[in-house]
Amino acid sequence: MERTWLWLIPAAPLATSALCGAVALAWCRRTDPAPRRLVGVVACLGPALSFALALLAWAELRGLMPQGRWLSQTLWRWLESGALQLDIGFVIDPLSSLMLLFVTGVGTLIHVYSTGYMHEDRGVVRYFAYLNLFMFAMLVLVLADSLPLLFVGWEGVGLCSYLLIGFWFEDPAKAAAGKKAFVVNRIGDFGVLIAMFLIFWTLQGAGAPGLTFAAMRNHVEAFTPAIATTICLLLFLGAAGKSAQIPLYVWLPDAMAGPTPVSALIHAATMVTAGVYMVARMHFLFDLAPVASTTVAAIGAATALLAATIAVAQNDFKKVLAYSTVSQLGYMFVGVGVGAYGAGVFHVFTHAFFKACLFLGSGAVIHALHDEQDIRRMGGLRRKMPLTFWTFVLATLALAGLPPLAGFFSKDHILWEALSRPNPLLPWLPSVLWAVLVLAALCTAFYMWRLVSLVFLGSFRGEQHTYAHAHEAPPSMAMPLVLLAMGSLLVGFLGVPHALGGSNRLETWLHPSFAVAGSAATEHGATTVASTAAGETALHESSAALAEHAGSAPLSEPGAMAVALAAALLGLGLGFQLYARRPQTAAALAGRLQPLQRLLAGKYFVDELYAAVIVRPFRLLSEALWRLVDVRLIDGVINLLGGVTRAFSFVFRFAQSGYVQTYAFVVVLGVLVLLLRVL
Amino acid sequence: MVGLHEYLILSGLLFLIGAVGVLTRSNGLILFMSLELMLNAVNLTFVAFSRYTGRLDGHVFVFLVTAVAAAEAAVGLAIFVNLFRLHRSVNVDQMNAMGD
């Protein structure tokens with residue numbers, strides 16, 4: 001259905017970004033302070049307006065038949081090159097509507113939080129300009145109706161991520177972290193670009209050139225399995241870069257150099273889930289490529305476990321949460337990798353709430369302790385910051401997956417899908433995936449409760465006057481914390497599985513977006529609204545098929561849930577025992593397992609490995625090119641040309657003696673020669 | 001009877017004397033005088049041909065050449081006066097400002 005106001009959703013934060021940017025520019029030479037409070041209010045208005053419009057769009061979608069839930073707007077002709085004709089167009093279907101709601105909702109809360117967190121910073125105006133620009137790019141990414149436009153948003157969020165990680169660019173380490181994020185993402189973007197070219201090439205070969213998602217879905221039969229696998233693997237390379245999966249996850253922990261609200265918004269809740277969103281968006285291709293999907297699931301599970309184990313041994317508050325994010329993103333990729341796109345997106349959704357809450361809680365603690373981030377110098381903050389403590393615990397339990405909090409439903413949905421969906425290539429894979437994820441869940445619960453114990457329980461281990469000055473978060477920071485904690489508590493109920501007597505409304509809501517290709521045509525031509533009955537039949541058929549698969553799983557759904565829950569409880573209990581009750585046992589254990597401890601604290605030395613295998617050879621190659629090709633060859637050719645010119649001029653300048661009479665003599669000689677010729 | 005030939009020979013001699021003067025003398029003023037000599041040698045040719053052909057074009061040219069020579073002398077002498085003030089000399093051999 002055409003709507004003329006969709007463009008306002010991304011335009012609102014773009015406008016406020018431009019406004020903040022103008023103020024920042026106007027004040028960069030002035031000594032008097034910029035109107036920070038006003039800028040903060042303006043900066044919150046942009047995302048808030050987007051959120052209101054997102055709610056409106058959601059309400060409109062609800063009013064439509066499930067198969068016709070499709071709002072779109074075409075703005076203008078963007079590209080016209082050969083057979084390619086592309087419009088700037090936005091589309092809202094159930095998937096993008098869900099993404100819109102939490103991106104704008106969580107985004108608005110984090111903007112509000114930022115007004116409190118950043119109000120003492122000199123660059124706060126510039127900060128809000130970047131943050132609003134990020135919202136714009138993220139909304140373009142979510143709303144795009146074609147892969148190239150999605151890519152524009154994709155690059156935009158990458159740019160804003162770079163700008164905000166290196167926000168305090170006076171510190172070379174922080175500037176370097178921003179660069180690292182940008183360069184690593186670039187590697188992934190290369191994959192997306194090649195995939196885009198391949199898609200266009202295939203569709204053109206099929207006589208239907210186009211890069212909109214609708215065009216791809218409608219001509220999905222043009223993709224042979226081989227080409228679909230190639231495309232999907234390349235797309236996943238991009239997703240691995242953006243969403244921090246093996247082998248490109250290394251940038252995300254370093255990205256914690258940015259301000260904490262940025263870590264919450266960009267590096268936990270929204271941008272890093274863009275990879276999952278893209279895979280879900282391109283599900284019709286991944287459905288055709290079991291090899292690629294299996295790769296996605298396997299890499300997701302590996303990342304989930306790897307990052308969860310690293311998080312166990314980190315001592316930087318935000319690093320623990322960063323590795324936790326990497327790990328949770330791994331869960332999401334397992335979801336979309338096994339074909340349970342709804343489950344993956346559900347976890348994206350719930351994760352946004354509890355992880356944003358955790359990050360904002362960490363920000364409140366760091367703020368209260370004057371930029372202290374080492375959890376070994378914290379402790380006992382429960383009494384000083386009760387509100388932060390309780391919201392943090394709630395979000396922790398949600399992340400650990402305790403019922404009835406949000407993470408329980410979404411994580412167990414993924415676990416169950418991973419276990420119950422048979423893999424067409426490797427029959428043993430579902431059980432392995434499930435076991436790895438349960439193990440990762442155990443680690444998750446353990447490191448999260450270790451974090452809670454070290455930060456909030458026990459007694460303070462830092463300097464006493466820091467503790468004395470620690471204070472509860474101001475209202476602008478407390479309000480988002482409370483709302484996000486409530487979200488962590490409640491949003492899970494949207495996806496209560498059938499096994500627990502729920503109806504999984506989220507899955508039903510998302511179903512039209514992930515419907516099989518055959519029904520895509522009706523979705524595009526929204527005028528021919530398919531009957532509700534047809535849609536529901538399709539849904540029932542797919543759930544019937546799933547129930548059939550479930551029969552092959554080694555465990556029943558409640559049984560699998562119980563195992564995962566037991567793992568989470570074990571992890572929480574261990575974390576409590578080791579770090580709150582008997583810290584000396586933890587120290588002794590760490591001493592006994594020193595090689596392991598060093599391996600984990602060193603993050604498996606992946607950064608060092610990359611430095612040795614990729615970065616250093618690359619630098620050596622660059623240096624060789626510089627010293628040999630650039631300095632010797634290219635400069636040599638230029639110098640040779642210059643030398644030849646100099647040599648010639650050295651000879652000819654004797655003609656220019658500067659003596660008038662010499663010149664006159666030459667003139668006379670010339671005249672004589674002419675005379676001789678003439679006579 | 002003095003004919004065209006004699007005039008042309010005289011003017012050729014004058015031109016040669018002027019040219020040799022320009023090429024060999026280093027005093028700027030003498031250089032100027034030699035230059036004037038060359039101009040006037042040409043003037044003489046113009047007048048001689050004018051008489052010979054009976055047309056007045058040659059006379060007109062002579063006026064022009066004289067006017068230009070006068071202007072040139074004025075400018076040139078002004079330059080030499082200034083050069084003399086600067087270098088205490090009007091020797092053209094020393095007026096070489098070329099680098100190297």
# chains A, B, ... in the order shown; residues from 1 in each chain; ligands from 1
>>> closest_atom_pairs(of="chain B", to="chain A", cutoff="8 Å", atoms="only C-alpha atoms", output="CSV")
residue,atom,partner,partner_atom,distance
B:Val22,CA,A:Gln661,CA,7.1
B:Leu23,CA,A:Gln661,CA,5.5
B:Thr24,CA,A:Gln661,CA,7.7
B:Val92,CA,A:Val660,CA,7.2
B:Asp93,CA,A:Tyr659,CA,6.4
B:Met95,CA,A:Tyr659,CA,7.6
B:Asn96,CA,A:Gly658,CA,5.4
B:Ala97,CA,A:Gly658,CA,7.1
B:Met98,CA,A:Gly658,CA,5.8
>>> atom_distance(atom1="atom CA of A:Cys357", atom2="atom CA of A:Ala418")
27.1 Å
>>> residues_around(residues="B:Leu14", least_positions_apart="2", cutoff="7 Å", atoms="only C-alpha atoms", output="PDB file with N, CA and C atoms, in the first residue's frame")
ATOM      1  N   LEU B  10      77.299  54.886 -49.838  1.00  0.00           N
ATOM      2  CA  LEU B  10      77.526  55.653 -48.612  1.00  0.00           C
ATOM      3  C   LEU B  10      76.694  55.108 -47.460  1.00  0.00           C
ATOM      4  N   SER B  11      75.403  54.864 -47.774  1.00  0.00           N
ATOM      5  CA  SER B  11      74.519  54.399 -46.683  1.00  0.00           C
ATOM      6  C   SER B  11      74.962  53.022 -46.212  1.00  0.00           C
ATOM      7  N   GLY B  12      75.408  52.167 -47.160  1.00  0.00           N
ATOM      8  CA  GLY B  12      75.916  50.850 -46.750  1.00  0.00           C
ATOM      9  C   GLY B  12      77.115  51.003 -45.837  1.00  0.00           C
ATOM     10  N   LEU B  16      77.396  49.826 -41.990  1.00  0.00           N
ATOM     11  CA  LEU B  16      78.456  48.906 -41.570  1.00  0.00           C
ATOM     12  C   LEU B  16      79.211  49.493 -40.379  1.00  0.00           C
ATOM     13  N   ILE B  17      79.542  50.799 -40.483  1.00  0.00           N
ATOM     14  CA  ILE B  17      80.254  51.443 -39.373  1.00  0.00           C
ATOM     15  C   ILE B  17      79.407  51.344 -38.103  1.00  0.00           C
ATOM     16  N   GLY B  18      78.090  51.633 -38.265  1.00  0.00           N
ATOM     17  CA  GLY B  18      77.176  51.561 -37.094  1.00  0.00           C
ATOM     18  C   GLY B  18      77.154  50.151 -36.527  1.00  0.00           C
ATOM     19  N   LEU B  37      73.404  55.823 -35.995  1.00  0.00           N
ATOM     20  CA  LEU B  37      74.071  55.827 -37.292  1.00  0.00           C
ATOM     21  C   LEU B  37      73.422  54.824 -38.239  1.00  0.00           C
ATOM     22  N   MET B  38      73.101  53.627 -37.696  1.00  0.00           N
ATOM     23  CA  MET B  38      72.473  52.592 -38.518  1.00  0.00           C
ATOM     24  C   MET B  38      71.097  53.049 -38.990  1.00  0.00           C
ATOM     25  N   ALA B  41      71.533  55.579 -41.655  1.00  0.00           N
ATOM     26  CA  ALA B  41      71.944  54.955 -42.914  1.00  0.00           C
ATOM     27  C   ALA B  41      70.715  54.472 -43.662  1.00  0.00           C
TER      28      ALA B  41
END
>>> select_by_dssp(residues="stretch 551-600 of chain A", states="helix (DSSP H, G or I)", output="PyMOL selection string")
chain A and resi 557-581+583-592+594-600
>>> residues_around(residues="stretch 334-337 of chain A", least_positions_apart="4", cutoff="10 Å", atoms="only C-alpha atoms", output="JSON, numbers by chain")
{"A": [276, 277, 279, 280, 283, 286, 287, 290, 291, 292, 293, 294, 295, 296, 297, 298, 299, 300, 301, 302, 303, 304, 328, 329, 330, 341, 342, 343, 344, 345, 346, 347, 410, 411, 413, 414, 415, 416, 417, 418, 433, 434, 437]}
>>> atom_distance(atom1="atom CA of A:Ser556", atom2="atom CA of A:Phe409")
15.8 Å
>>> decode(residues="stretch 18-42 of chain B", atoms="N, CA and C atoms", output="PDB file, in the first residue's frame")
ATOM      1  N   GLY B  18      78.090  51.633 -38.265  1.00  0.00           N
ATOM      2  CA  GLY B  18      77.176  51.561 -37.094  1.00  0.00           C
ATOM      3  C   GLY B  18      77.154  50.151 -36.527  1.00  0.00           C
ATOM      4  N   ALA B  19      77.021  49.163 -37.402  1.00  0.00           N
ATOM      5  CA  ALA B  19      76.900  47.780 -36.931  1.00  0.00           C
ATOM      6  C   ALA B  19      78.170  47.366 -36.215  1.00  0.00           C
ATOM      7  N   VAL B  20      79.312  47.696 -36.791  1.00  0.00           N
ATOM      8  CA  VAL B  20      80.572  47.347 -36.139  1.00  0.00           C
ATOM      9  C   VAL B  20      80.660  48.046 -34.791  1.00  0.00           C
ATOM     10  N   GLY B  21      80.223  49.301 -34.766  1.00  0.00           N
ATOM     11  CA  GLY B  21      80.222  50.026 -33.479  1.00  0.00           C
ATOM     12  C   GLY B  21      79.382  49.316 -32.447  1.00  0.00           C
ATOM     13  N   VAL B  22      78.162  48.911 -32.837  1.00  0.00           N
ATOM     14  CA  VAL B  22      77.276  48.226 -31.896  1.00  0.00           C
ATOM     15  C   VAL B  22      77.921  46.943 -31.380  1.00  0.00           C
ATOM     16  N   LEU B  23      78.590  46.251 -32.273  1.00  0.00           N
ATOM     17  CA  LEU B  23      79.130  44.949 -31.881  1.00  0.00           C
ATOM     18  C   LEU B  23      80.397  45.069 -31.055  1.00  0.00           C
ATOM     19  N   THR B  24      81.187  46.136 -31.262  1.00  0.00           N
ATOM     20  CA  THR B  24      82.504  46.152 -30.637  1.00  0.00           C
ATOM     21  C   THR B  24      82.597  47.082 -29.448  1.00  0.00           C
ATOM     22  N   ARG B  25      81.903  48.179 -29.423  1.00  0.00           N
ATOM     23  CA  ARG B  25      82.081  49.127 -28.320  1.00  0.00           C
ATOM     24  C   ARG B  25      81.295  48.680 -27.103  1.00  0.00           C
ATOM     25  N   SER B  26      81.826  49.001 -25.942  1.00  0.00           N
ATOM     26  CA  SER B  26      81.107  48.578 -24.744  1.00  0.00           C
ATOM     27  C   SER B  26      80.483  49.756 -23.999  1.00  0.00           C
ATOM     28  N   ASN B  27      80.824  50.961 -24.362  1.00  0.00           N
ATOM     29  CA  ASN B  27      80.192  52.110 -23.732  1.00  0.00           C
ATOM     30  C   ASN B  27      78.768  52.259 -24.259  1.00  0.00           C
ATOM     31  N   GLY B  28      77.838  52.314 -23.373  1.00  0.00           N
ATOM     32  CA  GLY B  28      76.420  52.356 -23.751  1.00  0.00           C
ATOM     33  C   GLY B  28      76.080  53.542 -24.616  1.00  0.00           C
ATOM     34  N   LEU B  29      76.699  54.702 -24.339  1.00  0.00           N
ATOM     35  CA  LEU B  29      76.357  55.890 -25.115  1.00  0.00           C
ATOM     36  C   LEU B  29      76.844  55.750 -26.541  1.00  0.00           C
ATOM     37  N   ILE B  30      78.047  55.216 -26.692  1.00  0.00           N
ATOM     38  CA  ILE B  30      78.586  55.040 -28.032  1.00  0.00           C
ATOM     39  C   ILE B  30      77.751  54.007 -28.788  1.00  0.00           C
ATOM     40  N   LEU B  31      77.289  53.000 -28.044  1.00  0.00           N
ATOM     41  CA  LEU B  31      76.401  52.000 -28.619  1.00  0.00           C
ATOM     42  C   LEU B  31      75.179  52.676 -29.218  1.00  0.00           C
ATOM     43  N   PHE B  32      74.669  53.647 -28.443  1.00  0.00           N
ATOM     44  CA  PHE B  32      73.499  54.375 -28.896  1.00  0.00           C
ATOM     45  C   PHE B  32      73.781  55.156 -30.160  1.00  0.00           C
ATOM     46  N   MET B  33      74.918  55.807 -30.131  1.00  0.00           N
ATOM     47  CA  MET B  33      75.281  56.613 -31.304  1.00  0.00           C
ATOM     48  C   MET B  33      75.407  55.720 -32.523  1.00  0.00           C
ATOM     49  N   SER B  34      76.003  54.540 -32.348  1.00  0.00           N
ATOM     50  CA  SER B  34      76.154  53.620 -33.478  1.00  0.00           C
ATOM     51  C   SER B  34      74.791  53.194 -33.994  1.00  0.00           C
ATOM     52  N   LEU B  35      73.893  52.976 -33.038  1.00  0.00           N
ATOM     53  CA  LEU B  35      72.537  52.581 -33.418  1.00  0.00           C
ATOM     54  C   LEU B  35      71.873  53.666 -34.252  1.00  0.00           C
ATOM     55  N   GLU B  36      72.060  54.950 -33.802  1.00  0.00           N
ATOM     56  CA  GLU B  36      71.494  56.073 -34.538  1.00  0.00           C
ATOM     57  C   GLU B  36      72.077  56.132 -35.944  1.00  0.00           C
ATOM     58  N   LEU B  37      73.404  55.823 -35.995  1.00  0.00           N
ATOM     59  CA  LEU B  37      74.071  55.827 -37.292  1.00  0.00           C
ATOM     60  C   LEU B  37      73.422  54.824 -38.239  1.00  0.00           C
ATOM     61  N   MET B  38      73.101  53.627 -37.696  1.00  0.00           N
ATOM     62  CA  MET B  38      72.473  52.592 -38.518  1.00  0.00           C
ATOM     63  C   MET B  38      71.097  53.049 -38.990  1.00  0.00           C
ATOM     64  N   LEU B  39      70.344  53.686 -38.070  1.00  0.00           N
ATOM     65  CA  LEU B  39      69.020  54.175 -38.449  1.00  0.00           C
ATOM     66  C   LEU B  39      69.105  55.208 -39.549  1.00  0.00           C
ATOM     67  N   ASN B  40      70.110  56.089 -39.403  1.00  0.00           N
ATOM     68  CA  ASN B  40      70.216  57.157 -40.387  1.00  0.00           C
ATOM     69  C   ASN B  40      70.729  56.648 -41.729  1.00  0.00           C
ATOM     70  N   ALA B  41      71.533  55.579 -41.655  1.00  0.00           N
ATOM     71  CA  ALA B  41      71.944  54.955 -42.914  1.00  0.00           C
ATOM     72  C   ALA B  41      70.715  54.472 -43.662  1.00  0.00           C
ATOM     73  N   VAL B  42      69.796  53.861 -42.906  1.00  0.00           N
ATOM     74  CA  VAL B  42      68.570  53.390 -43.534  1.00  0.00           C
ATOM     75  C   VAL B  42      67.766  54.572 -44.063  1.00  0.00           C
TER      76      VAL B  42
END
